[in-house]
>>> print(open('data32.pdb').read())   # PDB, C-alpha atoms
ATOM      1  CA  MET S 186       0.000   0.000   0.000
ATOM      2  CA  ILE S 187       1.076   3.575  -0.616
ATOM      3  CA  GLN S 188       0.108   6.720   1.260
ATOM      4  CA  ILE S 189      -1.593   9.477  -0.703
ATOM      5  CA  ASN S 190      -3.412  12.673   0.151
ATOM      6  CA  VAL S 191      -6.860  13.200  -1.355
ATOM      7  CA  ASN S 192      -8.633  16.529  -0.887
ATOM      8  CA  GLY S 193      -6.685  17.108   2.294
ATOM      9  CA  GLU S 194      -7.347  13.639   3.738
ATOM     10  CA  LYS S 195      -4.783  10.887   4.146
ATOM     11  CA  LYS S 196      -5.681   7.749   2.214
ATOM     12  CA  GLU S 197      -4.046   4.478   1.269
ATOM     13  CA  CYS S 198      -4.214   2.600  -1.998
ATOM     14  CA  PRO S 199      -2.373  -0.312  -3.577
ATOM     15  CA  ALA S 200       0.825   0.574  -5.450
ATOM     16  CA  GLY S 201       0.130   1.007  -9.160
ATOM     17  CA  THR S 202      -3.431   2.314  -8.678
ATOM     18  CA  SER S 203      -4.526   4.633 -11.482
ATOM     19  CA  VAL S 204      -6.458   7.845 -10.880
ATOM     20  CA  SER S 205      -9.425   6.262 -12.587
ATOM     21  CA  GLU S 206      -9.327   3.244 -10.245
ATOM     22  CA  LEU S 207      -9.040   5.513  -7.220
ATOM     23  CA  LEU S 208     -12.146   7.460  -8.321
ATOM     24  CA  GLU S 209     -14.047   4.186  -8.648
ATOM     25  CA  SER S 210     -12.941   3.035  -5.207
ATOM     26  CA  LEU S 211     -14.147   6.339  -3.755
ATOM     27  CA  ASP S 212     -17.498   5.927  -5.527
ATOM     28  CA  ILE S 213     -17.012   9.173  -7.463
ATOM     29  CA  ASP S 214     -18.785   9.691 -10.783
ATOM     30  CA  LYS S 215     -15.985  10.330 -13.273
ATOM     31  CA  ARG S 216     -18.225  12.296 -15.630
ATOM     32  CA  TYR S 217     -18.475  15.181 -13.227
ATOM     33  CA  VAL S 218     -14.979  15.603 -11.818
ATOM     34  CA  ALA S 219     -11.560  16.912 -12.721
ATOM     35  CA  VAL S 220      -8.384  15.800 -10.994
ATOM     36  CA  GLU S 221      -5.144  17.476 -10.130
ATOM     37  CA  VAL S 222      -2.111  15.460  -9.002
ATOM     38  CA  ASN S 223       0.608  17.497  -7.285
ATOM     39  CA  LEU S 224      -0.967  20.731  -8.599
ATOM     40  CA  LYS S 225      -1.024  19.538 -12.237
ATOM     41  CA  VAL S 226      -4.283  18.822 -14.006
ATOM     42  CA  VAL S 227      -4.607  15.259 -15.247
ATOM     43  CA  PRO S 228      -6.206  15.331 -18.707
ATOM     44  CA  ARG S 229      -9.454  13.373 -18.803
ATOM     45  CA  THR S 230      -8.029  11.064 -21.421
ATOM     46  CA  GLN S 231      -5.177  10.073 -19.111
ATOM     47  CA  LEU S 232      -7.120   9.239 -15.964
ATOM     48  CA  SER S 233      -6.668   5.495 -16.502
ATOM     49  CA  GLU S 234      -3.006   5.755 -17.436
ATOM     50  CA  LYS S 235      -1.883   8.048 -14.645
ATOM     51  CA  LYS S 236      -0.537   5.837 -11.826
ATOM     52  CA  LEU S 237      -0.333   7.160  -8.313
ATOM     53  CA  GLN S 238       2.976   7.362  -6.458
ATOM     54  CA  GLU S 239       3.773   7.416  -2.738
ATOM     55  CA  ASN S 240       2.887  10.818  -1.189
ATOM     56  CA  ASP S 241       1.002  12.094  -4.238
ATOM     57  CA  SER S 242      -1.366  14.858  -3.390
ATOM     58  CA  LEU S 243      -4.695  14.868  -5.248
ATOM     59  CA  GLU S 244      -7.409  17.433  -5.641
ATOM     60  CA  ILE S 245     -10.667  16.054  -6.963
ATOM     61  CA  VAL S 246     -13.127  18.788  -7.826
ATOM     62  CA  THR S 247     -16.646  18.945  -9.134
ATOM     63  CA  PHE S 248     -19.206  21.567 -10.131
ATOM     64  CA  VAL S 249     -21.537  22.911  -7.467
ATOM     65  CA  GLY S 250     -24.144  25.654  -7.502
ATOM     66  CA  GLY S 251     -22.691  29.122  -7.862
ATOM     67  CA  GLY S 252     -23.198  32.539  -9.369
TER      68      GLY S 252
ATOM     69  CA  MET E  80     -38.139  44.725 -33.556
ATOM     70  CA  GLU E  81     -35.464  42.308 -34.699
ATOM     71  CA  ASP E  82     -32.534  41.966 -32.345
ATOM     72  CA  SER E  83     -29.207  40.478 -33.237
ATOM     73  CA  VAL E  84     -27.832  37.541 -31.317
ATOM     74  CA  LEU E  85     -25.273  38.078 -28.594
ATOM     75  CA  LYS E  86     -21.886  36.819 -29.730
ATOM     76  CA  LEU E  87     -19.284  35.854 -27.157
ATOM     77  CA  GLY E  88     -16.275  34.464 -28.990
ATOM     78  CA  LYS E  89     -17.471  31.357 -30.776
ATOM     79  CA  TYR E  90     -20.726  31.264 -28.788
ATOM     80  CA  LYS E  91     -24.032  32.826 -29.835
ATOM     81  CA  PHE E  92     -27.009  33.418 -27.591
ATOM     82  CA  ASN E  93     -30.524  34.720 -28.046
ATOM     83  CA  SER E  94     -31.123  35.281 -24.349
ATOM     84  CA  ARG E  95     -29.160  38.064 -22.706
ATOM     85  CA  LEU E  96     -29.858  36.942 -19.176
ATOM     86  CA  PHE E  97     -27.207  34.768 -17.535
ATOM     87  CA  VAL E  98     -28.178  33.080 -14.293
ATOM     88  CA  GLY E  99     -26.394  31.348 -11.443
ATOM     89  CA  THR E 100     -27.173  28.043  -9.780
ATOM     90  CA  GLY E 101     -26.250  28.887  -6.172
ATOM     91  CA  LYS E 102     -28.330  29.430  -3.025
ATOM     92  CA  TYR E 103     -31.518  27.679  -4.164
ATOM     93  CA  GLN E 104     -33.457  25.844  -1.479
ATOM     94  CA  THR E 105     -33.783  22.772  -3.642
ATOM     95  CA  LEU E 106     -32.417  21.635  -6.978
ATOM     96  CA  ASP E 107     -35.977  21.231  -8.251
ATOM     97  CA  ILE E 108     -36.758  24.905  -7.591
ATOM     98  CA  MET E 109     -33.470  25.825  -9.279
ATOM     99  CA  LYS E 110     -34.373  23.806 -12.348
ATOM    100  CA  GLU E 111     -37.769  25.463 -12.629
ATOM    101  CA  ALA E 112     -36.284  28.930 -12.107
ATOM    102  CA  LEU E 113     -33.612  28.373 -14.764
ATOM    103  CA  ASP E 114     -36.340  27.363 -17.143
ATOM    104  CA  ALA E 115     -38.499  30.410 -16.309
ATOM    105  CA  SER E 116     -35.536  32.765 -16.753
ATOM    106  CA  GLY E 117     -35.135  31.774 -20.397
ATOM    107  CA  ALA E 118     -31.362  31.861 -19.844
ATOM    108  CA  GLU E 119     -29.108  29.929 -22.177
ATOM    109  CA  VAL E 120     -26.020  30.304 -20.016
ATOM    110  CA  VAL E 121     -25.839  29.148 -16.413
ATOM    111  CA  THR E 122     -22.947  29.655 -14.041
ATOM    112  CA  VAL E 123     -21.563  27.009 -11.714
ATOM    113  CA  ALA E 124     -18.783  26.979  -9.121
ATOM    114  CA  ILE E 125     -15.971  24.488  -8.577
ATOM    115  CA  ARG E 126     -15.359  22.813  -5.246
ATOM    116  CA  ARG E 127     -13.674  19.754  -3.805
ATOM    117  CA  ALA E 128     -15.705  16.637  -4.485
ATOM    118  CA  ASN E 129     -17.087  14.807  -1.484
ATOM    119  CA  ILE E 130     -14.863  11.786  -0.947
ATOM    120  CA  GLY E 131     -16.410  10.552   2.281
ATOM    121  CA  GLY E 132     -19.000   8.024   1.157
ATOM    122  CA  LYS E 133     -21.931   8.721  -1.126
ATOM    123  CA  SER E 134     -21.525  11.496  -3.637
ATOM    124  CA  GLY E 135     -25.275  12.226  -3.514
ATOM    125  CA  GLU E 136     -27.189  14.212  -6.093
ATOM    126  CA  SER E 137     -25.085  15.954  -8.676
ATOM    127  CA  LEU E 138     -25.948  19.435  -9.796
ATOM    128  CA  PHE E 139     -25.766  18.093 -13.327
ATOM    129  CA  ASP E 140     -28.608  15.683 -12.757
ATOM    130  CA  HIS E 141     -30.736  18.862 -12.732
ATOM    131  CA  ILE E 142     -29.112  20.905 -15.495
ATOM    132  CA  ASP E 143     -29.794  19.920 -19.075
ATOM    133  CA  LYS E 144     -26.406  20.297 -20.716
ATOM    134  CA  GLU E 145     -27.991  20.209 -24.167
ATOM    135  CA  LYS E 146     -30.099  23.215 -23.277
ATOM    136  CA  TYR E 147     -27.624  25.337 -21.335
ATOM    137  CA  THR E 148     -24.080  26.464 -21.946
ATOM    138  CA  ILE E 149     -22.182  25.993 -18.700
ATOM    139  CA  LEU E 150     -20.151  28.928 -17.465
ATOM    140  CA  PRO E 151     -17.870  27.810 -14.613
ATOM    141  CA  ASN E 152     -16.695  30.540 -12.285
ATOM    142  CA  THR E 153     -13.531  30.899 -10.248
ATOM    143  CA  ALA E 154     -15.382  32.183  -7.184
ATOM    144  CA  GLY E 155     -13.401  31.891  -3.990
ATOM    145  CA  CYS E 156     -10.031  32.516  -5.659
ATOM    146  CA  TYR E 157      -7.886  35.293  -4.226
ATOM    147  CA  SER E 158      -4.818  35.146  -6.486
ATOM    148  CA  ALA E 159      -4.101  34.829 -10.188
ATOM    149  CA  ASP E 160      -2.310  31.477  -9.651
ATOM    150  CA  GLU E 161      -5.235  29.941  -7.806
ATOM    151  CA  THR E 162      -7.633  31.290 -10.429
ATOM    152  CA  VAL E 163      -5.669  29.814 -13.325
ATOM    153  CA  ARG E 164      -5.526  26.421 -11.586
ATOM    154  CA  THR E 165      -9.274  26.500 -11.010
ATOM    155  CA  ALA E 166      -9.964  27.467 -14.625
ATOM    156  CA  LEU E 167      -7.757  24.656 -15.943
ATOM    157  CA  LEU E 168      -9.607  22.157 -13.745
ATOM    158  CA  ALA E 169     -12.944  23.542 -14.919
ATOM    159  CA  ARG E 170     -11.988  23.096 -18.546
ATOM    160  CA  GLU E 171     -10.782  19.557 -17.913
ATOM    161  CA  MET E 172     -14.304  18.703 -16.810
ATOM    162  CA  GLY E 173     -14.861  18.640 -20.565
ATOM    163  CA  ILE E 174     -18.015  20.715 -20.564
ATOM    164  CA  SER E 175     -17.005  24.265 -21.442
ATOM    165  CA  ASP E 176     -14.022  26.420 -22.321
ATOM    166  CA  MET E 177     -15.767  29.557 -21.128
ATOM    167  CA  ILE E 178     -14.736  30.872 -17.765
ATOM    168  CA  LYS E 179     -16.258  33.494 -15.541
ATOM    169  CA  LEU E 180     -13.015  34.804 -14.185
ATOM    170  CA  GLU E 181     -13.205  36.332 -10.755
ATOM    171  CA  VAL E 182     -10.336  37.054  -8.417
ATOM    172  CA  LEU E 183     -11.541  38.494  -5.166
ATOM    173  CA  GLY E 184      -9.721  40.987  -2.998
ATOM    174  CA  ASP E 185     -11.183  40.164   0.388
ATOM    175  CA  GLU E 186     -13.974  38.207   2.006
ATOM    176  CA  LYS E 187     -15.800  41.128   3.503
ATOM    177  CA  THR E 188     -16.397  43.184   0.358
ATOM    178  CA  LEU E 189     -15.988  40.415  -2.250
ATOM    179  CA  LEU E 190     -14.671  43.171  -4.483
ATOM    180  CA  PRO E 191     -12.354  42.063  -7.271
ATOM    181  CA  ASP E 192      -8.582  42.402  -6.974
ATOM    182  CA  PRO E 193      -7.863  44.353 -10.189
ATOM    183  CA  ILE E 194      -4.161  43.490 -10.405
ATOM    184  CA  GLU E 195      -4.595  39.748  -9.947
ATOM    185  CA  THR E 196      -7.666  39.838 -12.215
ATOM    186  CA  LEU E 197      -5.630  41.386 -15.011
ATOM    187  CA  LYS E 198      -2.804  38.863 -14.548
ATOM    188  CA  ALA E 199      -5.198  35.918 -14.633
ATOM    189  CA  THR E 200      -6.976  37.327 -17.704
ATOM    190  CA  GLU E 201      -3.712  37.572 -19.627
ATOM    191  CA  ILE E 202      -2.790  33.971 -18.784
ATOM    192  CA  LEU E 203      -6.193  32.438 -19.508
ATOM    193  CA  VAL E 204      -6.562  34.290 -22.816
ATOM    194  CA  LYS E 205      -3.194  32.802 -23.842
ATOM    195  CA  GLU E 206      -4.445  29.385 -22.742
ATOM    196  CA  GLY E 207      -7.303  29.739 -25.227
ATOM    197  CA  PHE E 208     -10.192  30.267 -22.832
ATOM    198  CA  THR E 209     -13.247  32.355 -23.657
ATOM    199  CA  VAL E 210     -12.774  34.744 -20.757
ATOM    200  CA  LEU E 211     -15.728  36.599 -19.254
ATOM    201  CA  VAL E 212     -14.151  38.690 -16.559
ATOM    202  CA  TYR E 213     -15.787  40.049 -13.429
ATOM    203  CA  THR E 214     -14.524  43.470 -12.439
ATOM    204  CA  SER E 215     -15.547  46.559 -10.507
ATOM    205  CA  ASP E 216     -17.198  49.460 -12.333
ATOM    206  CA  ASP E 217     -13.832  51.197 -12.790
ATOM    207  CA  PRO E 218     -13.644  52.212 -16.483
ATOM    208  CA  ILE E 219      -9.822  52.170 -16.589
ATOM    209  CA  VAL E 220      -9.565  48.621 -15.263
ATOM    210  CA  ALA E 221     -12.372  47.552 -17.604
ATOM    211  CA  LYS E 222     -10.447  48.908 -20.593
ATOM    212  CA  LYS E 223      -7.246  47.137 -19.527
ATOM    213  CA  LEU E 224      -9.149  43.845 -19.285
ATOM    214  CA  GLU E 225     -10.467  44.343 -22.806
ATOM    215  CA  ASP E 226      -6.935  45.075 -24.009
ATOM    216  CA  ALA E 227      -5.760  41.865 -22.310
ATOM    217  CA  GLY E 228      -8.098  39.917 -24.591
ATOM    218  CA  ALA E 229     -11.210  39.305 -22.487
ATOM    219  CA  THR E 230     -14.185  38.213 -24.586
ATOM    220  CA  SER E 231     -16.539  40.084 -22.280
ATOM    221  CA  VAL E 232     -15.968  42.516 -19.451
ATOM    222  CA  MET E 233     -18.469  42.200 -16.609
ATOM    223  CA  PRO E 234     -18.602  45.106 -14.187
ATOM    224  CA  ALA E 235     -20.481  44.704 -10.930
ATOM    225  CA  GLY E 236     -23.614  46.818 -10.580
ATOM    226  CA  ALA E 237     -23.164  46.616  -6.803
ATOM    227  CA  PRO E 238     -21.301  44.255  -4.442
ATOM    228  CA  ILE E 239     -21.934  40.524  -4.983
ATOM    229  CA  GLY E 240     -25.155  39.364  -3.359
ATOM    230  CA  SER E 241     -26.023  42.861  -2.109
ATOM    231  CA  GLY E 242     -29.094  43.390  -4.291
ATOM    232  CA  GLN E 243     -28.477  47.124  -4.426
ATOM    233  CA  GLY E 244     -28.879  47.467  -8.195
ATOM    234  CA  ILE E 245     -26.758  49.588 -10.503
ATOM    235  CA  LEU E 246     -25.036  51.942  -8.066
ATOM    236  CA  ASN E 247     -22.945  53.945 -10.497
ATOM    237  CA  GLN E 248     -24.702  54.297 -13.814
ATOM    238  CA  ASN E 249     -22.199  56.920 -14.908
ATOM    239  CA  ASN E 250     -19.288  54.497 -14.671
ATOM    240  CA  ILE E 251     -21.227  51.809 -16.518
ATOM    241  CA  ARG E 252     -21.968  54.361 -19.253
ATOM    242  CA  ILE E 253     -18.299  55.311 -19.522
ATOM    243  CA  ILE E 254     -17.336  51.630 -19.732
ATOM    244  CA  LEU E 255     -19.931  51.122 -22.475
ATOM    245  CA  GLU E 256     -18.553  54.073 -24.398
ATOM    246  CA  SER E 257     -14.919  53.068 -24.195
ATOM    247  CA  LEU E 258     -15.085  49.302 -24.732
ATOM    248  CA  SER E 259     -15.937  47.435 -27.899
ATOM    249  CA  VAL E 260     -16.323  43.944 -26.385
ATOM    250  CA  PRO E 261     -19.738  43.066 -24.961
ATOM    251  CA  VAL E 262     -20.273  44.511 -21.474
ATOM    252  CA  ILE E 263     -22.405  42.382 -19.162
ATOM    253  CA  VAL E 264     -23.439  43.616 -15.728
ATOM    254  CA  ASP E 265     -22.540  40.943 -13.215
ATOM    255  CA  ALA E 266     -23.517  41.071  -9.561
ATOM    256  CA  GLY E 267     -25.536  43.333  -7.326
ATOM    257  CA  VAL E 268     -28.830  43.081  -9.181
ATOM    258  CA  GLY E 269     -31.759  42.800  -6.763
ATOM    259  CA  THR E 270     -34.934  43.029  -8.767
ATOM    260  CA  ALA E 271     -36.371  43.319 -12.256
ATOM    261  CA  SER E 272     -35.969  47.091 -12.648
ATOM    262  CA  ASP E 273     -32.221  46.758 -11.941
ATOM    263  CA  VAL E 274     -31.937  44.441 -14.936
ATOM    264  CA  SER E 275     -33.923  46.840 -17.102
ATOM    265  CA  ILE E 276     -31.700  49.760 -16.118
ATOM    266  CA  ALA E 277     -28.552  47.837 -17.061
ATOM    267  CA  MET E 278     -30.036  46.878 -20.408
ATOM    268  CA  GLU E 279     -31.385  50.371 -21.095
ATOM    269  CA  LEU E 280     -27.900  51.739 -20.568
ATOM    270  CA  GLY E 281     -26.761  49.517 -23.411
ATOM    271  CA  CYS E 282     -25.244  46.560 -21.602
ATOM    272  CA  LYS E 283     -25.277  43.443 -23.752
ATOM    273  CA  GLY E 284     -26.487  41.248 -20.929
ATOM    274  CA  VAL E 285     -26.944  40.772 -17.204
ATOM    275  CA  LEU E 286     -25.634  37.971 -15.018
ATOM    276  CA  LEU E 287     -27.356  37.380 -11.713
ATOM    277  CA  ASN E 288     -27.922  34.698  -9.121
ATOM    278  CA  THR E 289     -29.036  35.817  -5.671
ATOM    279  CA  GLY E 290     -31.824  38.112  -6.909
ATOM    280  CA  ILE E 291     -33.659  35.076  -8.223
ATOM    281  CA  ALA E 292     -32.453  32.383  -5.838
ATOM    282  CA  ILE E 293     -33.459  34.043  -2.571
ATOM    283  CA  ALA E 294     -36.664  35.720  -3.770
ATOM    284  CA  LYS E 295     -39.725  34.354  -1.948
ATOM    285  CA  ASP E 296     -40.859  32.875  -5.232
ATOM    286  CA  PRO E 297     -37.726  32.258  -7.299
ATOM    287  CA  VAL E 298     -39.596  30.909 -10.310
ATOM    288  CA  LYS E 299     -41.781  34.000 -10.585
ATOM    289  CA  MET E 300     -38.788  36.279 -10.055
ATOM    290  CA  ALA E 301     -36.907  34.409 -12.777
ATOM    291  CA  ARG E 302     -39.700  35.237 -15.190
ATOM    292  CA  ALA E 303     -39.709  38.858 -14.026
ATOM    293  CA  MET E 304     -35.970  39.082 -14.685
ATOM    294  CA  LYS E 305     -36.428  37.571 -18.138
ATOM    295  CA  LEU E 306     -39.098  40.110 -19.079
ATOM    296  CA  ALA E 307     -37.080  42.975 -17.591
ATOM    297  CA  CYS E 308     -34.052  41.957 -19.617
ATOM    298  CA  GLU E 309     -36.092  41.845 -22.814
ATOM    299  CA  SER E 310     -37.905  45.123 -22.162
ATOM    300  CA  GLY E 311     -34.730  46.932 -21.152
ATOM    301  CA  ARG E 312     -33.071  45.729 -24.340
ATOM    302  CA  LEU E 313     -36.041  46.806 -26.459
ATOM    303  CA  ALA E 314     -36.076  50.238 -24.830
ATOM    304  CA  TYR E 315     -32.364  50.602 -25.536
ATOM    305  CA  LEU E 316     -32.815  49.624 -29.181
ATOM    306  CA  SER E 317     -35.799  51.975 -29.485
ATOM    307  CA  GLY E 318     -33.803  55.036 -28.471
ATOM    308  CA  ARG E 319     -35.391  56.742 -25.489
ATOM    309  CA  MET E 320     -36.597  60.342 -25.503
ATOM    310  CA  PRO E 321     -34.264  62.857 -23.924
ATOM    311  CA  LYS E 322     -34.950  63.906 -20.332
ATOM    312  CA  LYS E 323     -36.226  67.477 -20.041
ATOM    313  CA  LEU E 324     -36.534  69.829 -17.124
ATOM    314  CA  TYR E 325     -39.918  71.313 -18.069
ATOM    315  CA  ALA E 326     -43.237  69.815 -19.052
ATOM    316  CA  LYS E 327     -44.281  69.363 -22.657
ATOM    317  CA  ALA E 328     -47.952  68.556 -23.228
ATOM    318  CA  SER E 329     -48.922  65.396 -25.077
ATOM    319  CA  SER E 330     -52.349  66.780 -26.006
ATOM    320  CA  PRO E 331     -52.981  69.961 -27.993
ATOM    321  CA  LEU E 332     -53.579  72.858 -25.574
ATOM    322  CA  LYS E 333     -55.470  75.253 -27.877
ATOM    323  CA  ASP E 334     -57.913  75.386 -30.802
ATOM    324  CA  PHE E 335     -61.058  73.900 -29.282
TER     325      PHE E 335
END
>>> encode(input="data32.pdb", output="structure tokens")
Amino acid sequence: MIQINVNGEKKECPAGTSVSELLESLDIDKRYVAVEVNLKVVPRTQLSEKKLQENDSLEIVTFVGGG
Amino acid sequence: MEDSVLKLGKYKFNSRLFVGTGKYQTLDIMKEALDASGAEVVTVAIRRANIGGKSGESLFDHIDKEKYTILPNTAGCYSADETVRTALLAREMGISDMIKLEVLGDEKTLLPDPIETLKATEILVKEGFTVLVYTSDDPIVAKKLEDAGATSVMPAGAPIGSGQGILNQNNIRIILESLSVPVIVDAGVGTASDVSIAMELGCKGVLLNTGIAIAKDPVKMARAMKLACESGRLAYLSGRMPKKLYAKASSPLKDF
């Protein structure tokens, strides 16, 4: 297992987990989110290819109501 | 009277009212209000997704993406860097390359930080975004934002969420005179007449959220805002009579 940080919370996942797999394990609908790993946006097309490393810091964002 | 469509970069809209999706009591009321407003563009904000258990209802289950163009905002950003990051994330959502750019100066006034706003505009224009930029009603800053490549400059009528209407019509008029990109009043609009005033001045559109969302009957208010936007636009296109100090009778006064 590796340690990662997701939206400010410490999490663990198996080594070699992709961003896409992490989203699934967190029960997050991929259609409505964008992901940043270590302050860099991960293009939608690369969510399955991008593998997470020890101590990666993720921001997973979505749209909410706003003006 | 025929009106031309509103062009914002590659986008074209018939409705000149832009509405937000925040502060509604329920998503069902929001959906009905959006529909009643006749808006074709709706704004949304970007926040951390909930990672603790169920994600619950998504805003997008209630917004028809075929019907509306989504305009993500960068609300809550206080620096150009943060704003650019937020905009890049918004675009990666794959729904829109328009951005309502706002960089705030402080939490109390929610007034824009003009220096960071200008910096972020320059960067996001280079990145290929269709930038609709929120600013104060300062004509000099507005002009600099146009020069930086903003697709639309959006001065506040009054502070965000204050519902005070168009506080400085003179500044809005100066902005309208000196800019050639579409000027859209964004923020501060409280009721229908505020929308009409903005449109009568010659603004190309009005963006509002709170005025509809926290009205007692948001759906009715949405319709009022729609009609006000249309009538203000029509009055502008019609060319109003000049204001005069003294009376001038409408009926003949002699020759009975």
>>> resolve_selection(input="data32.pdb", expression="the PyMOL selection byres ((chain S and resi 245) around 6)", output="list in words")
Ala219, Val220, Glu244 and Val246 of chain S; Arg127 and Ala128 of chain E
>>> residues_around(input="data32.pdb", residues="Ala154 of chain E", least_positions_apart="2", cutoff="10 Å", atoms="all atoms listed in the file", output="ChimeraX atom specification")
/S:251-252 /E:123-126,151-152,156-157,162,165,179-183,189
>>> atom_distance(input="data32.pdb", atom1="atom CA of Val120 of chain E", atom2="atom CA of Ser275 of chain E")
18.6 Å
>>> atom_distance(input="data32.pdb", atom1="atom CA of Phe97 of chain E", atom2="atom CA of Glu119 of chain E")
7.0 Å
>>> atom_distance(input="data32.pdb", atom1="atom CA of Ala115 of chain E", atom2="atom CA of Asn247 of chain E")
28.8 Å
>>> closest_residue(input="data32.pdb", among="S:Leu232, S:Val222, S:Leu243, S:Ile213", to="Gly193 of chain S", atoms="all atoms listed in the file")
S:Leu243
>>> decode(input="data32.pdb", residues="segment 159-180 of chain E", atoms="N, CA and C atoms", output="CSV table (one decimal), in the first residue's frame")
chain,number,residue,atom,x,y,z
E,159,ALA,N,-4.1,35.2,-8.8
E,159,ALA,CA,-4.1,34.8,-10.2
E,159,ALA,C,-3.8,33.3,-10.3
E,160,ASP,N,-2.7,32.9,-9.6
E,160,ASP,CA,-2.3,31.5,-9.7
E,160,ASP,C,-3.5,30.5,-9.4
E,161,GLU,N,-4.1,30.8,-8.2
E,161,GLU,CA,-5.2,29.9,-7.8
E,161,GLU,C,-6.3,30.0,-8.9
E,162,THR,N,-6.6,31.1,-9.4
E,162,THR,CA,-7.6,31.3,-10.4
E,162,THR,C,-7.3,30.5,-11.7
E,163,VAL,N,-6.1,30.5,-12.1
E,163,VAL,CA,-5.7,29.8,-13.3
E,163,VAL,C,-5.8,28.3,-13.1
E,164,ARG,N,-5.4,27.9,-11.9
E,164,ARG,CA,-5.5,26.4,-11.6
E,164,ARG,C,-7.0,26.0,-11.6
E,165,THR,N,-7.8,26.8,-11.0
E,165,THR,CA,-9.3,26.5,-11.0
E,165,THR,C,-9.9,26.5,-12.4
E,166,ALA,N,-9.4,27.4,-13.3
E,166,ALA,CA,-10.0,27.5,-14.6
E,166,ALA,C,-9.5,26.2,-15.4
E,167,LEU,N,-8.3,25.8,-15.2
E,167,LEU,CA,-7.8,24.7,-15.9
E,167,LEU,C,-8.5,23.4,-15.5
E,168,LEU,N,-8.8,23.3,-14.2
E,168,LEU,CA,-9.6,22.2,-13.7
E,168,LEU,C,-11.0,22.2,-14.3
E,169,ALA,N,-11.6,23.4,-14.4
E,169,ALA,CA,-12.9,23.5,-14.9
E,169,ALA,C,-13.0,23.1,-16.4
E,170,ARG,N,-12.0,23.5,-17.1
E,170,ARG,CA,-12.0,23.1,-18.5
E,170,ARG,C,-11.8,21.6,-18.7
E,171,GLU,N,-11.0,21.0,-17.8
E,171,GLU,CA,-10.8,19.6,-17.9
E,171,GLU,C,-12.0,18.7,-17.6
E,172,MET,N,-13.0,19.4,-17.0
E,172,MET,CA,-14.3,18.7,-16.8
E,172,MET,C,-14.9,18.4,-18.2
E,173,GLY,N,-14.4,19.0,-19.2
E,173,GLY,CA,-14.9,18.6,-20.6
E,173,GLY,C,-16.2,19.2,-21.0
E,174,ILE,N,-16.7,20.2,-20.3
E,174,ILE,CA,-18.0,20.7,-20.6
E,174,ILE,C,-18.0,22.1,-21.2
E,175,SER,N,-17.0,22.9,-20.9
E,175,SER,CA,-17.0,24.3,-21.4
E,175,SER,C,-15.6,24.9,-21.4
E,176,ASP,N,-15.3,25.7,-22.4
E,176,ASP,CA,-14.0,26.4,-22.3
E,176,ASP,C,-14.3,27.9,-22.0
E,177,MET,N,-15.5,28.2,-21.6
E,177,MET,CA,-15.8,29.6,-21.1
E,177,MET,C,-15.4,29.6,-19.7
E,178,ILE,N,-15.0,30.7,-19.2
E,178,ILE,CA,-14.7,30.9,-17.8
E,178,ILE,C,-15.2,32.2,-17.3
E,179,LYS,N,-16.0,32.2,-16.2
E,179,LYS,CA,-16.3,33.5,-15.5
E,179,LYS,C,-15.1,33.7,-14.5
E,180,LEU,N,-14.2,34.6,-15.0
E,180,LEU,CA,-13.0,34.8,-14.2
E,180,LEU,C,-13.3,35.8,-13.1
